[in-house]
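Visitor: Got a file for you: model-v7.cif, mmCIF, C-alpha atoms and all ligand atoms.
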```
data_input
#
loop_
_atom_site.label_atom_id
_atom_site.label_comp_id
_atom_site.auth_asym_id
_atom_site.auth_seq_id
_atom_site.Cartn_x
_atom_site.Cartn_y
_atom_site.Cartn_z
CA MET A 1 -2.94 -50.26 -4.15
CA SER A 2 -0.69 -52.56 -2.19
CA ASP A 3 2.46 -51.17 -0.54
CA TYR A 4 4.10 -54.19 -2.10
CA GLU A 5 3.87 -53.06 -5.72
CA LYS A 6 7.65 -53.39 -6.14
CA GLN A 7 7.53 -57.00 -5.04
CA SER A 8 4.62 -57.70 -7.42
CA GLU A 9 6.62 -56.19 -10.24
CA ARG A 10 9.63 -58.38 -9.37
CA ARG A 11 7.41 -61.46 -9.35
CA ARG A 12 6.08 -60.53 -12.80
CA ARG A 13 9.62 -60.08 -14.09
CA LEU A 14 10.65 -63.46 -12.78
CA GLN A 15 7.59 -65.07 -14.37
CA GLN A 16 8.54 -63.44 -17.67
CA THR A 17 12.09 -64.79 -17.41
CA MET A 18 10.77 -68.26 -16.58
CA GLN A 19 8.31 -68.08 -19.50
CA THR A 20 6.78 -71.31 -18.32
CA GLY A 21 6.78 -73.65 -15.31
CA ILE A 22 6.51 -73.35 -11.54
CA ALA A 23 8.91 -71.76 -9.06
CA ILE A 24 9.08 -72.68 -5.37
CA ILE A 25 10.76 -70.15 -3.06
CA PRO A 26 10.62 -70.85 0.70
CA THR A 27 11.67 -68.41 3.39
CA ALA A 28 14.35 -69.31 5.97
CA HIS A 29 13.91 -71.82 8.79
CA GLU A 30 13.69 -70.76 12.39
CA ARG A 31 16.75 -72.07 14.24
CA MET A 32 17.18 -72.91 17.89
CA ARG A 33 19.96 -71.10 19.75
CA ASN A 34 19.44 -72.82 23.06
CA ARG A 35 16.49 -74.65 24.52
CA ASP A 36 13.23 -72.79 23.92
CA SER A 37 15.16 -69.82 22.57
CA ASP A 38 15.61 -69.31 18.84
CA TYR A 39 18.09 -67.19 16.96
CA LEU A 40 16.40 -64.01 15.88
CA PHE A 41 14.51 -64.95 12.72
CA ARG A 42 15.86 -63.55 9.44
CA TYR A 43 13.80 -64.22 6.31
CA ASP A 44 15.43 -65.67 3.20
CA SER A 45 16.71 -62.89 0.95
CA TYR A 46 15.17 -64.26 -2.28
CA PHE A 47 11.80 -64.78 -0.62
CA TRP A 48 11.89 -61.30 0.89
CA TYR A 49 12.84 -59.75 -2.45
CA LEU A 50 9.80 -61.26 -4.15
CA CYS A 51 7.26 -61.02 -1.40
CA GLY A 52 8.16 -58.83 1.61
CA PHE A 53 6.35 -61.24 3.92
CA PRO A 54 8.12 -61.21 7.30
CA GLU A 55 6.96 -64.40 9.04
CA PRO A 56 8.68 -67.78 9.21
CA GLU A 57 7.03 -70.93 7.81
CA ALA A 58 6.09 -69.41 4.47
CA VAL A 59 6.59 -70.46 0.86
CA LEU A 60 6.03 -68.47 -2.32
CA VAL A 61 4.93 -70.41 -5.41
CA LEU A 62 4.92 -68.74 -8.81
CA ILE A 63 3.33 -70.13 -11.93
CA ALA A 64 4.52 -68.64 -15.22
CA GLY A 65 2.93 -68.86 -18.66
CA ALA A 66 -0.34 -67.69 -20.18
CA GLU A 67 -2.08 -67.50 -16.80
CA PRO A 68 0.54 -66.39 -14.29
CA ARG A 69 -0.28 -66.82 -10.60
CA SER A 70 1.46 -66.03 -7.35
CA ILE A 71 0.56 -68.16 -4.36
CA LEU A 72 1.73 -67.63 -0.78
CA PHE A 73 1.55 -70.40 1.82
CA CYS A 74 1.74 -69.05 5.37
CA ARG A 75 0.80 -69.81 8.98
CA ASP A 76 -2.83 -69.68 10.01
CA LYS A 77 -4.08 -67.18 12.52
CA ASN A 78 -3.74 -68.73 16.00
CA VAL A 79 -5.04 -66.86 19.02
CA GLU A 80 -3.06 -68.99 21.46
CA ARG A 81 0.29 -68.70 19.64
CA GLU A 82 -0.26 -65.00 18.92
CA LEU A 83 -0.62 -64.43 22.66
CA TRP A 84 2.90 -65.84 23.15
CA GLU A 85 4.69 -64.81 19.97
CA GLY A 86 2.77 -61.91 18.49
CA PHE A 87 0.75 -61.11 15.41
CA ARG A 88 0.37 -63.48 12.45
CA PHE A 89 -1.23 -62.30 9.22
CA GLY A 90 -2.91 -65.57 8.37
CA PRO A 91 -3.71 -66.39 4.72
CA GLU A 92 -6.67 -64.07 4.30
CA ALA A 93 -5.02 -60.84 5.49
CA ALA A 94 -1.76 -61.83 3.80
CA ARG A 95 -3.41 -61.99 0.37
CA GLU A 96 -4.82 -58.51 0.79
CA HIS A 97 -1.69 -57.01 2.29
CA PHE A 98 1.03 -58.50 0.09
CA GLY A 99 -0.81 -58.40 -3.24
CA VAL A 100 -0.43 -62.08 -4.14
CA ASP A 101 -3.15 -63.83 -6.16
CA GLU A 102 -3.81 -66.67 -3.71
CA THR A 103 -2.90 -67.62 -0.18
CA HIS A 104 -3.24 -70.91 1.66
CA SER A 105 -2.39 -72.35 5.02
CA ILE A 106 1.18 -73.68 5.17
CA GLY A 107 -0.44 -76.86 6.50
CA LEU A 108 -1.74 -77.52 2.98
CA LEU A 109 1.66 -77.36 1.32
CA ASP A 110 2.27 -81.13 1.00
CA GLU A 111 -1.31 -81.68 -0.13
CA MET A 112 -1.32 -78.96 -2.79
CA LEU A 113 2.17 -78.89 -4.25
CA PRO A 114 2.03 -82.14 -6.27
CA GLY A 115 -1.13 -80.84 -7.96
CA LEU A 116 0.53 -77.51 -8.74
CA ILE A 117 3.65 -79.20 -10.12
CA ALA A 118 1.69 -81.66 -12.25
CA ASN A 119 1.87 -80.98 -16.00
CA GLN A 120 4.27 -78.08 -15.57
CA PRO A 121 7.15 -78.32 -18.06
CA ALA A 122 9.74 -76.79 -15.71
CA LEU A 123 10.38 -76.70 -11.98
CA TRP A 124 12.45 -73.78 -10.67
CA TYR A 125 13.89 -73.86 -7.18
CA ALA A 126 17.27 -73.62 -5.43
CA PRO A 127 18.73 -77.14 -5.61
CA GLY A 128 21.25 -77.83 -2.86
CA ALA A 129 20.53 -74.66 -0.89
CA ASP A 130 18.80 -76.53 1.93
CA THR A 131 18.59 -80.29 2.39
CA VAL A 132 15.18 -80.12 4.07
CA TRP A 133 13.67 -78.34 1.04
CA ASP A 134 15.59 -80.57 -1.40
CA THR A 135 13.98 -83.62 0.17
CA ARG A 136 10.55 -82.08 0.24
CA VAL A 137 10.57 -80.74 -3.33
CA LEU A 138 11.95 -84.00 -4.74
CA GLY A 139 9.28 -85.87 -2.77
CA TRP A 140 6.54 -83.81 -4.47
CA LEU A 141 8.20 -84.35 -7.82
CA ASN A 142 8.25 -88.11 -7.26
CA GLN A 143 4.58 -88.08 -6.30
CA VAL A 144 3.82 -86.44 -9.65
CA ARG A 145 6.06 -88.91 -11.51
CA ALA A 146 4.18 -91.77 -9.89
CA GLN A 147 1.01 -90.58 -11.64
CA ALA A 148 2.51 -91.01 -15.13
CA ARG A 149 0.11 -93.83 -16.04
CA THR A 150 -2.85 -91.54 -15.47
CA GLY A 151 -1.47 -89.22 -18.13
CA ILE A 152 -0.03 -86.64 -15.75
CA SER A 153 3.44 -85.45 -16.64
CA ALA A 154 6.19 -84.26 -14.29
CA PRO A 155 8.52 -81.38 -15.14
CA GLY A 156 11.45 -82.63 -17.18
CA ASP A 157 13.33 -79.40 -16.80
CA ILE A 158 14.69 -78.71 -13.30
CA ARG A 159 16.07 -75.17 -13.18
CA ASP A 160 17.98 -73.16 -10.59
CA VAL A 161 15.78 -70.16 -9.82
CA ARG A 162 18.77 -68.37 -8.30
CA LEU A 163 20.35 -67.83 -11.72
CA ALA A 164 17.40 -65.69 -12.75
CA LEU A 165 17.00 -63.96 -9.40
CA ASP A 166 20.69 -63.18 -8.87
CA GLU A 167 20.80 -61.15 -12.06
CA MET A 168 17.66 -59.25 -11.05
CA ARG A 169 18.99 -58.58 -7.54
CA LEU A 170 22.29 -57.28 -8.90
CA PHE A 171 20.54 -54.19 -10.31
CA LYS A 172 18.90 -52.26 -7.50
CA ASP A 173 15.57 -50.55 -8.15
CA ASP A 174 14.55 -47.18 -6.69
CA ALA A 175 13.02 -48.67 -3.55
CA GLU A 176 16.16 -50.66 -2.85
CA ILE A 177 18.44 -47.68 -3.41
CA THR A 178 16.36 -45.55 -1.05
CA THR A 179 16.66 -48.20 1.67
CA MET A 180 20.38 -48.67 1.07
CA ARG A 181 20.95 -44.91 1.38
CA ARG A 182 19.18 -44.95 4.73
CA ALA A 183 21.15 -48.00 5.92
CA ALA A 184 24.34 -46.18 4.93
CA THR A 185 23.35 -43.02 6.81
CA ILE A 186 22.52 -44.93 10.00
CA SER A 187 25.79 -46.85 9.76
CA ALA A 188 27.78 -43.66 9.16
CA ALA A 189 26.26 -42.16 12.32
CA ALA A 190 27.25 -45.30 14.21
CA HIS A 191 30.87 -44.96 13.12
CA VAL A 192 30.94 -41.30 14.14
CA ARG A 193 29.48 -42.22 17.52
CA ALA A 194 32.07 -44.98 17.93
CA MET A 195 34.92 -42.60 17.06
CA ARG A 196 33.69 -40.05 19.56
CA ALA A 197 33.41 -42.69 22.29
CA THR A 198 36.90 -44.16 21.82
CA ARG A 199 39.40 -43.64 24.64
CA PRO A 200 42.44 -45.61 25.85
CA GLY A 201 41.45 -48.18 28.49
CA LYS A 202 37.97 -48.82 27.13
CA ALA A 203 37.24 -52.32 25.88
CA GLU A 204 36.46 -53.23 22.27
CA TYR A 205 32.98 -54.33 23.34
CA GLU A 206 32.20 -50.88 24.69
CA ILE A 207 32.75 -49.48 21.21
CA GLU A 208 30.66 -52.32 19.76
CA ALA A 209 27.87 -51.27 22.11
CA GLU A 210 27.97 -47.71 20.74
CA LEU A 211 27.59 -49.07 17.21
CA GLN A 212 24.69 -51.32 18.13
CA TYR A 213 23.00 -48.49 20.00
CA GLU A 214 23.13 -46.21 17.00
CA PHE A 215 21.91 -48.94 14.63
CA ARG A 216 18.81 -49.55 16.72
CA ARG A 217 18.30 -45.88 17.48
CA GLY A 218 18.20 -45.29 13.72
CA GLY A 219 15.56 -47.99 13.24
CA ALA A 220 17.78 -50.73 11.79
CA GLN A 221 16.71 -54.21 12.82
CA TYR A 222 20.12 -55.92 13.09
CA PRO A 223 23.77 -55.54 12.33
CA ALA A 224 24.20 -56.76 8.73
CA TYR A 225 27.05 -59.02 9.97
CA TRP A 226 28.84 -59.38 13.27
CA PRO A 227 30.77 -56.11 13.87
CA ILE A 228 34.54 -56.30 13.88
CA VAL A 229 35.96 -54.05 16.60
CA ALA A 230 39.65 -54.80 16.50
CA GLY A 231 42.25 -52.88 18.50
CA GLY A 232 45.98 -53.05 17.76
CA ALA A 233 47.19 -56.45 16.50
CA ASN A 234 43.60 -57.76 16.35
CA ALA A 235 43.12 -55.61 13.24
CA CYS A 236 45.44 -57.99 11.42
CA VAL A 237 42.95 -60.85 11.98
CA LEU A 238 40.65 -60.26 9.02
CA HIS A 239 37.54 -61.80 10.56
CA TYR A 240 38.21 -60.91 14.21
CA ARG A 241 34.96 -61.18 16.19
CA GLU A 242 35.79 -61.56 19.87
CA ASN A 243 35.70 -57.79 20.53
CA ASN A 244 36.81 -58.38 24.13
CA GLN A 245 40.22 -56.73 24.50
CA PRO A 246 41.17 -53.40 26.09
CA LEU A 247 42.15 -50.54 23.79
CA ALA A 248 45.74 -49.38 24.26
CA ASP A 249 46.91 -45.81 23.85
CA GLY A 250 49.05 -45.59 20.73
CA ALA A 251 47.23 -48.44 18.96
CA LEU A 252 44.81 -48.19 16.06
CA LEU A 253 41.23 -49.38 16.19
CA LEU A 254 39.71 -50.99 13.08
CA VAL A 255 35.91 -51.06 13.04
CA ASP A 256 34.05 -52.93 10.30
CA ALA A 257 30.34 -52.57 11.01
CA GLY A 258 27.14 -51.82 9.15
CA CYS A 259 23.47 -52.18 9.90
CA GLU A 260 20.74 -54.10 8.14
CA LEU A 261 17.68 -51.97 7.43
CA ASP A 262 14.54 -53.66 6.09
CA GLY A 263 16.74 -56.43 4.73
CA TYR A 264 19.46 -54.28 3.15
CA ALA A 265 23.05 -54.17 4.34
CA ALA A 266 25.52 -51.37 4.81
CA ASP A 267 29.18 -52.37 5.17
CA ILE A 268 31.61 -49.71 6.42
CA THR A 269 35.14 -49.92 7.76
CA ARG A 270 37.08 -47.11 9.35
CA THR A 271 40.36 -47.16 11.24
CA TRP A 272 41.27 -44.58 13.84
CA PRO A 273 43.88 -43.99 16.56
CA VAL A 274 42.70 -45.00 20.04
CA GLY A 275 44.42 -41.98 21.59
CA GLY A 276 43.20 -39.54 18.93
CA LYS A 277 46.50 -39.02 17.07
CA PHE A 278 48.07 -41.22 14.38
CA SER A 279 51.75 -42.03 14.96
CA GLY A 280 54.14 -41.37 12.05
CA PRO A 281 54.21 -44.97 10.73
CA GLN A 282 50.44 -45.36 11.25
CA ARG A 283 49.77 -42.18 9.34
CA ASP A 284 52.15 -43.18 6.52
CA LEU A 285 50.25 -46.42 5.98
CA TYR A 286 46.87 -44.77 6.51
CA GLU A 287 47.47 -42.20 3.77
CA ILE A 288 48.47 -44.95 1.33
CA VAL A 289 45.33 -46.97 2.04
CA LEU A 290 43.18 -43.84 1.72
CA GLU A 291 44.82 -42.87 -1.57
CA SER A 292 44.28 -46.41 -2.88
CA GLN A 293 40.62 -46.31 -1.82
CA LEU A 294 40.02 -42.97 -3.54
CA ALA A 295 41.68 -44.29 -6.70
CA ALA A 296 39.50 -47.41 -6.57
CA ILE A 297 36.33 -45.32 -6.12
CA ALA A 298 37.36 -43.17 -9.10
CA ALA A 299 37.43 -46.37 -11.15
CA VAL A 300 33.80 -47.18 -10.34
CA LYS A 301 31.87 -46.00 -13.38
CA PRO A 302 29.86 -47.50 -16.21
CA ALA A 303 31.85 -49.49 -18.75
CA ARG A 304 34.81 -49.99 -16.39
CA HIS A 305 34.99 -53.68 -15.58
CA TRP A 306 34.56 -55.27 -12.16
CA ASN A 307 38.28 -55.68 -11.49
CA GLU A 308 39.38 -52.14 -12.36
CA PRO A 309 38.83 -50.68 -8.87
CA HIS A 310 40.89 -53.56 -7.45
CA GLU A 311 43.66 -52.99 -9.97
CA ALA A 312 43.70 -49.25 -9.17
CA ALA A 313 43.93 -49.96 -5.43
CA VAL A 314 46.68 -52.55 -5.83
CA ARG A 315 48.80 -50.18 -7.89
CA ILE A 316 48.76 -47.46 -5.24
CA LEU A 317 49.23 -49.88 -2.36
CA ALA A 318 52.13 -51.68 -4.03
CA GLN A 319 53.92 -48.36 -4.75
CA GLY A 320 53.31 -47.29 -1.17
CA PHE A 321 54.72 -50.55 0.19
CA ILE A 322 57.84 -49.99 -1.93
CA ASP A 323 58.21 -46.39 -0.76
CA LEU A 324 58.00 -47.48 2.89
CA GLY A 325 60.44 -50.37 2.49
CA LEU A 326 57.87 -53.13 2.93
CA CYS A 327 58.28 -54.42 -0.63
CA GLU A 328 61.21 -54.20 -3.00
CA GLY A 329 60.52 -52.62 -6.42
CA PRO A 330 60.11 -52.24 -9.28
CA LEU A 331 56.37 -51.70 -9.14
CA ASP A 332 55.46 -53.94 -12.05
CA ARG A 333 57.30 -56.86 -10.48
CA VAL A 334 55.64 -56.37 -7.08
CA ILE A 335 52.28 -56.45 -8.87
CA GLU A 336 53.10 -59.33 -11.20
CA THR A 337 54.54 -61.58 -8.49
CA GLU A 338 51.78 -60.45 -6.10
CA ASP A 339 54.42 -59.68 -3.48
CA TYR A 340 52.03 -56.97 -2.16
CA ARG A 341 49.77 -59.79 -0.96
CA ARG A 342 51.98 -60.18 2.13
CA PHE A 343 50.20 -56.99 3.33
CA TYR A 344 47.04 -56.87 1.21
CA MET A 345 45.61 -60.35 0.81
CA HIS A 346 41.92 -59.75 0.11
CA ARG A 347 40.02 -58.28 -2.81
CA THR A 348 38.85 -54.68 -3.00
CA GLY A 349 35.11 -55.30 -2.79
CA HIS A 350 32.00 -57.33 -3.37
CA TRP A 351 28.41 -56.77 -4.45
CA LEU A 352 26.22 -55.41 -1.65
CA GLY A 353 22.46 -55.65 -1.15
CA LEU A 354 20.14 -57.95 0.74
CA ASP A 355 23.17 -60.08 1.55
CA VAL A 356 26.29 -58.32 2.72
CA HIS A 357 28.24 -60.34 0.17
CA ASP A 358 25.43 -60.03 -2.31
CA VAL A 359 24.52 -62.29 -5.20
CA GLY A 360 25.49 -61.70 -8.82
CA GLU A 361 28.12 -62.94 -11.22
CA TYR A 362 31.47 -61.14 -11.32
CA LYS A 363 32.48 -62.58 -14.67
CA HIS A 364 30.69 -63.30 -17.93
CA ALA A 365 32.24 -65.75 -20.37
CA ASN A 366 35.41 -65.69 -18.31
CA ALA A 367 35.80 -61.90 -18.56
CA TRP A 368 35.20 -59.39 -15.72
CA ARG A 369 31.79 -57.89 -16.38
CA PRO A 370 31.40 -54.17 -16.96
CA LEU A 371 29.97 -52.04 -14.18
CA GLN A 372 26.46 -50.76 -14.94
CA PRO A 373 24.13 -48.22 -13.31
CA GLY A 374 22.16 -49.72 -10.43
CA MET A 375 24.89 -52.06 -9.24
CA THR A 376 26.03 -51.55 -5.64
CA LEU A 377 29.40 -52.65 -4.34
CA THR A 378 31.91 -52.03 -1.60
CA VAL A 379 35.36 -50.52 -2.05
CA GLU A 380 37.58 -51.71 0.78
CA PRO A 381 41.35 -51.79 0.38
CA GLY A 382 43.52 -52.25 3.44
CA CYS A 383 46.91 -53.27 4.72
CA TYR A 384 47.81 -55.66 7.51
CA VAL A 385 51.38 -55.94 8.80
CA ARG A 386 52.10 -58.88 11.02
CA PRO A 387 55.40 -59.07 12.95
CA ASN A 388 58.05 -60.36 10.58
CA ASP A 389 61.82 -59.85 10.64
CA LYS A 390 61.77 -58.76 6.97
CA VAL A 391 59.59 -55.78 7.87
CA PRO A 392 60.61 -52.64 9.80
CA GLU A 393 59.38 -53.12 13.36
CA LYS A 394 57.69 -49.70 13.48
CA PHE A 395 54.98 -51.10 11.16
CA TRP A 396 54.29 -54.30 13.10
CA ASN A 397 50.69 -55.00 14.11
CA ILE A 398 49.26 -52.11 12.13
CA GLY A 399 46.01 -53.14 10.43
CA ILE A 400 44.08 -50.60 8.39
CA ARG A 401 41.01 -50.89 6.15
CA ILE A 402 38.82 -48.16 4.69
CA GLU A 403 35.53 -49.37 3.26
CA ASP A 404 32.69 -47.49 1.61
CA ASP A 405 29.50 -48.56 -0.19
CA VAL A 406 29.10 -47.31 -3.72
CA LEU A 407 26.24 -47.17 -6.24
CA VAL A 408 27.14 -47.13 -9.93
CA THR A 409 25.31 -44.23 -11.64
CA GLU A 410 24.99 -43.11 -15.28
CA SER A 411 27.93 -40.74 -14.92
CA GLY A 412 30.13 -42.45 -12.34
CA CYS A 413 29.19 -43.41 -8.84
CA GLU A 414 27.52 -42.24 -5.65
CA VAL A 415 29.32 -43.05 -2.40
CA LEU A 416 26.39 -44.06 -0.21
CA THR A 417 28.48 -43.99 2.96
CA ARG A 418 30.10 -40.60 2.30
CA GLU A 419 28.91 -39.21 5.66
CA THR A 420 31.51 -41.39 7.40
CA PRO A 421 34.68 -39.29 7.87
CA LYS A 422 37.90 -40.76 6.53
CA ALA A 423 40.43 -37.92 6.13
CA ALA A 424 43.02 -38.41 8.88
CA ALA A 425 42.56 -34.88 10.27
CA ASP A 426 38.75 -35.23 10.38
CA ILE A 427 39.06 -38.52 12.23
CA GLU A 428 41.59 -37.10 14.71
CA ALA A 429 39.22 -34.25 15.47
CA LEU A 430 36.41 -36.67 16.32
CA VAL A 431 38.10 -39.42 18.32
CA GLY A 432 37.48 -39.13 22.07
CA SER A 433 35.27 -36.04 21.68
CA ALA A 434 32.17 -37.53 23.34
N1 LIG A 501 32.16 -56.96 6.61
C1 LIG A 501 32.42 -57.93 5.63
C2 LIG A 501 33.19 -57.41 4.53
O1 LIG A 501 33.72 -56.32 4.61
O2 LIG A 501 33.28 -58.01 3.50
MN MN A 502 32.80 -55.60 2.74
MN MN A 503 33.12 -54.79 5.93
#
```
Rewrite the structure from the file as C-alpha cells, please.

Guide:
Amino acid sequence: MSDYEKQSERRRRLQQTMQTGIAIIPTAHERMRNRDSDYLFRYDSYFWYLCGFPEPEAVLVLIAGAEPRSILFCRDKNVERELWEGFRFGPEAAREHFGVDETHSIGLLDEMLPGLIANQPALWYAPGADTVWDTRVLGWLNQVRAQARTGISAPGDIRDVRLALDEMRLFKDDAEITTMRRAATISAAAHVRAMRATRPGKAEYEIEAELQYEFRRGGAQYPAYWPIVAGGANACVLHYRENNQPLADGALLLVDAGCELDGYAADITRTWPVGGKFSGPQRDLYEIVLESQLAAIAAVKPARHWNEPHEAAVRILAQGFIDLGLCEGPLDRVIETEDYRRFYMHRTGHWLGLDVHDVGEYKHANAWRPLQPGMTLTVEPGCYVRPNDKVPEKFWNIGIRIEDDVLVTESGCEVLTRETPKAAADIEALVGSA
C-alpha cells in the first residue's frame, strides 16, 4: 500500500464533491532570487495536500464522475540534471510511489490537456491565483471551444476548486494533526532555546539564529514565516522583520516564530525580559495579556463561534487597560467605541495549517461559524504601547504578544504548543540560563 493513502483519500473526497468534471491543480513555480540562484522551492499547499509530490514543474489533474481518474504530470528522469540538482522521480516511479492512476511527462501537458478537458461539463481550477496558469488553462479551454463544429463540447461551468478544498483543509485529519503536534513541539523547543540564550548586548539576529538552529535540528524544513525577533520598541511594529538591533537590558523581547514541518506550520509568540526580570509596568501588562489569552483559549470549544475567543480576550484587555490608566472606563464603552484598539489593533487568531494563515471561511451566511472538532487556530492577543502623551510614560514602547496553536476537540481544545512556557515566573527562570 502506498504511503500516500491519505492523499488518495483526499483526492477521492474532492472527486465526490465535484461529482463531475475535471480539476487542474498545479504546484508552485520555481522563482529566481538572484542570477542562477532560486528561492528555496516550496510546493503549492493545495497540490501538496492532494498529492504529496515534492518536485516543481508538476500538475495534478482529477477527473470526477463514473470513472474517476487521477493523473500526475511531472518532470522526466534526466541523468544530466539529476547530477546537478538531485533526484527526480520521473513519471513511472511517481505513479508507483504516490498512488495516482496515471502519470505523464510534464512536456505533454499542452498536448494532452485539451483532450482531457473536451466533453467535460465542468472545469475546476483556481481562477486568478496565478496569471501564468490562467493564460494556459484558458488557452486549453479555447482550443476545445474551437472544436465545437466537430461535436466536441467545452465545459460551460467554470468552478473555483479552492472553495471545495478550503473546506476540506479546514478540518485536519489524523495525519495532519500528528504533523502539527510535531511542528508545535519543535517550535516550543526553539522558543525555550531562544529564551535561554537571551542576554543584554546580544543582537536580535543572534536569537533568530538559535530559533533557526532548533527548527533544523528538529527536522523542520523551513521557518513557517519569517521570524519576528523584536527587542524593545521594535515589538510595537507588528510585522517587524529586520532582526538587526542590539538587545538592551531592561527591555522586553517579542519573538514570533514557528517552523514548517512537512508542509505544516506552527505559529508561536512569546515575550520575555532581556535581562531576565520583568519591570513593574512590563509585568502589569504581561499579566493582563496572559489572562486575556487564557480566557480566549477557554472559549475555544465546539459550538462556540469563531469570534468568541476574540471577544473574551478583548474584554480582559479592555478592563486591564482601564485599570492601568491607558483607557478611560466604563468597560462597555471602551469595547463599544473600540478605544482599546489604540493598544490592541489586531484580531485574536486565524486558522492554521499548511498555510500559516490557513484557508477556510470564518463566516457562513454573514454569521461567525461555530468551532468544530478538527479545526486548528491560533490564539494570540497582545498589547502595543507607542509613545503618546495621553499614556503614562512608564508603558511606552512595551509590546507584548502571547500566541499558542490550538486544536478544537470534542470536549474543548488541545493547546498544541503547550510546551512553550508562558507564566512570568517560568520565563524569568529560563531567560539567560544557557
Ligand atoms: N506569525 C504570523 C501571525 O502571527 O499571524
Ligand atoms: Mn499567528
Ligand atoms: Mn505569529

Visitor: Of the candidates A:Pro392, A:Pro302, A:Pro56, A:Gly275, which shows the shortest atom-to-atom distance to Cys413 in chain A, using all atoms listed in the file?

Guide: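 Going through A:Pro392, A:Pro302, A:Pro56, A:Gly275 one by one, the smallest distance to Cys413 in chain A is for A:Pro302.
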
Visitor: Show me a table, sorted first by chain and then by increasing residue number, of the residues of chain A having an atom at most 8 Å from ligand MN 503 (chain A), each with its shortest atom pair and the distance in Å to one decimal, counting only C-alpha atoms and all ligand atoms and written as CSV.

Guide:
```
residue,atom,partner,partner_atom,distance
A:Asp256,CA,A:MN503,MN,4.8
A:Ala257,CA,A:MN503,MN,6.2
A:Gly258,CA,A:MN503,MN,7.4
A:Asp267,CA,A:MN503,MN,4.7
A:Ile268,CA,A:MN503,MN,5.3
A:Thr269,CA,A:MN503,MN,5.6
A:Glu380,CA,A:MN503,MN,7.5
A:Glu403,CA,A:MN503,MN,6.5
```

Visitor: Distance limit 12 Å, reference ligand MN 502 (chain A), atoms considered: only C-alpha atoms and all ligand atoms. Which residues make the cut? Give them as a PDB file with C-alpha atoms, in the coordinates of the input.

Guide:
```pdb
ATOM      1  CA  ALA A 224      24.200 -56.760   8.730  1.00  0.00           C
ATOM      2  CA  TYR A 225      27.050 -59.020   9.970  1.00  0.00           C
ATOM      3  CA  TRP A 226      28.840 -59.380  13.270  1.00  0.00           C
ATOM      4  CA  PRO A 227      30.770 -56.110  13.870  1.00  0.00           C
ATOM      5  CA  ILE A 228      34.540 -56.300  13.880  1.00  0.00           C
ATOM      6  CA  LEU A 238      40.650 -60.260   9.020  1.00  0.00           C
ATOM      7  CA  HIS A 239      37.540 -61.800  10.560  1.00  0.00           C
ATOM      8  CA  VAL A 255      35.910 -51.060  13.040  1.00  0.00           C
ATOM      9  CA  ASP A 256      34.050 -52.930  10.300  1.00  0.00           C
ATOM     10  CA  ALA A 257      30.340 -52.570  11.010  1.00  0.00           C
ATOM     11  CA  GLY A 258      27.140 -51.820   9.150  1.00  0.00           C
ATOM     12  CA  ALA A 265      23.050 -54.170   4.340  1.00  0.00           C
ATOM     13  CA  ALA A 266      25.520 -51.370   4.810  1.00  0.00           C
ATOM     14  CA  ASP A 267      29.180 -52.370   5.170  1.00  0.00           C
ATOM     15  CA  ILE A 268      31.610 -49.710   6.420  1.00  0.00           C
ATOM     16  CA  THR A 269      35.140 -49.920   7.760  1.00  0.00           C
ATOM     17  CA  ARG A 270      37.080 -47.110   9.350  1.00  0.00           C
ATOM     18  CA  HIS A 346      41.920 -59.750   0.110  1.00  0.00           C
ATOM     19  CA  ARG A 347      40.020 -58.280  -2.810  1.00  0.00           C
ATOM     20  CA  THR A 348      38.850 -54.680  -3.000  1.00  0.00           C
ATOM     21  CA  GLY A 349      35.110 -55.300  -2.790  1.00  0.00           C
ATOM     22  CA  HIS A 350      32.000 -57.330  -3.370  1.00  0.00           C
ATOM     23  CA  TRP A 351      28.410 -56.770  -4.450  1.00  0.00           C
ATOM     24  CA  LEU A 352      26.220 -55.410  -1.650  1.00  0.00           C
ATOM     25  CA  GLY A 353      22.460 -55.650  -1.150  1.00  0.00           C
ATOM     26  CA  ASP A 355      23.170 -60.080   1.550  1.00  0.00           C
ATOM     27  CA  VAL A 356      26.290 -58.320   2.720  1.00  0.00           C
ATOM     28  CA  HIS A 357      28.240 -60.340   0.170  1.00  0.00           C
ATOM     29  CA  ASP A 358      25.430 -60.030  -2.310  1.00  0.00           C
ATOM     30  CA  THR A 376      26.030 -51.550  -5.640  1.00  0.00           C
ATOM     31  CA  LEU A 377      29.400 -52.650  -4.340  1.00  0.00           C
ATOM     32  CA  THR A 378      31.910 -52.030  -1.600  1.00  0.00           C
ATOM     33  CA  VAL A 379      35.360 -50.520  -2.050  1.00  0.00           C
ATOM     34  CA  GLU A 380      37.580 -51.710   0.780  1.00  0.00           C
ATOM     35  CA  PRO A 381      41.350 -51.790   0.380  1.00  0.00           C
ATOM     36  CA  GLY A 382      43.520 -52.250   3.440  1.00  0.00           C
ATOM     37  CA  ARG A 401      41.010 -50.890   6.150  1.00  0.00           C
ATOM     38  CA  ILE A 402      38.820 -48.160   4.690  1.00  0.00           C
ATOM     39  CA  GLU A 403      35.530 -49.370   3.260  1.00  0.00           C
ATOM     40  CA  ASP A 404      32.690 -47.490   1.610  1.00  0.00           C
ATOM     41  CA  ASP A 405      29.500 -48.560  -0.190  1.00  0.00           C
ATOM     42  CA  VAL A 406      29.100 -47.310  -3.720  1.00  0.00           C
TER      43      VAL A 406
END
```

Visitor: Which one is closest to ligand LIG 501 (chain A): A:Gly432, A:Pro223, A:Pro387, A:Pro373? Count only C-alpha atoms and all ligand atoms.

Guide: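 Ranked by minimum distance to ligand LIG 501 (chain A), first place goes to A:Pro223.
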
Visitor: Which one of A:Ile71, A:Val229, A:Val132, A:Ala367 sits closest to ligand LIG 501 (chain A) if you count only C-alpha atoms and all ligand atoms?

Guide: A:Val229

Visitor: Write out as JSON, numbers by chain which residues come within 7 Å of Ala248 in chain A when counting all atoms listed in the file, dropping same-chain ones fewer than 5 positions away.

Guide: {"A": [200, 201, 274]}

Visitor: Measuring between all atoms listed in the file, which one of A:Ala129, A:Leu247, A:Ala298, A:Ala235 shows the shortest distance to Ala197 in chain A?

Guide: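 Nearest candidate to Ala197 in chain A out of A:Ala129, A:Leu247, A:Ala298, A:Ala235: A:Leu247.
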
Visitor: Give me, as a PyMOL selection string, all polymer residues having an atom no more than 7 Å from range 110-125 of chain A, counting only C-alpha atoms and skipping those fewer than 3 positions away in the same chain.

Guide: chain A and resi 20-25+140-141+143-144+152-161
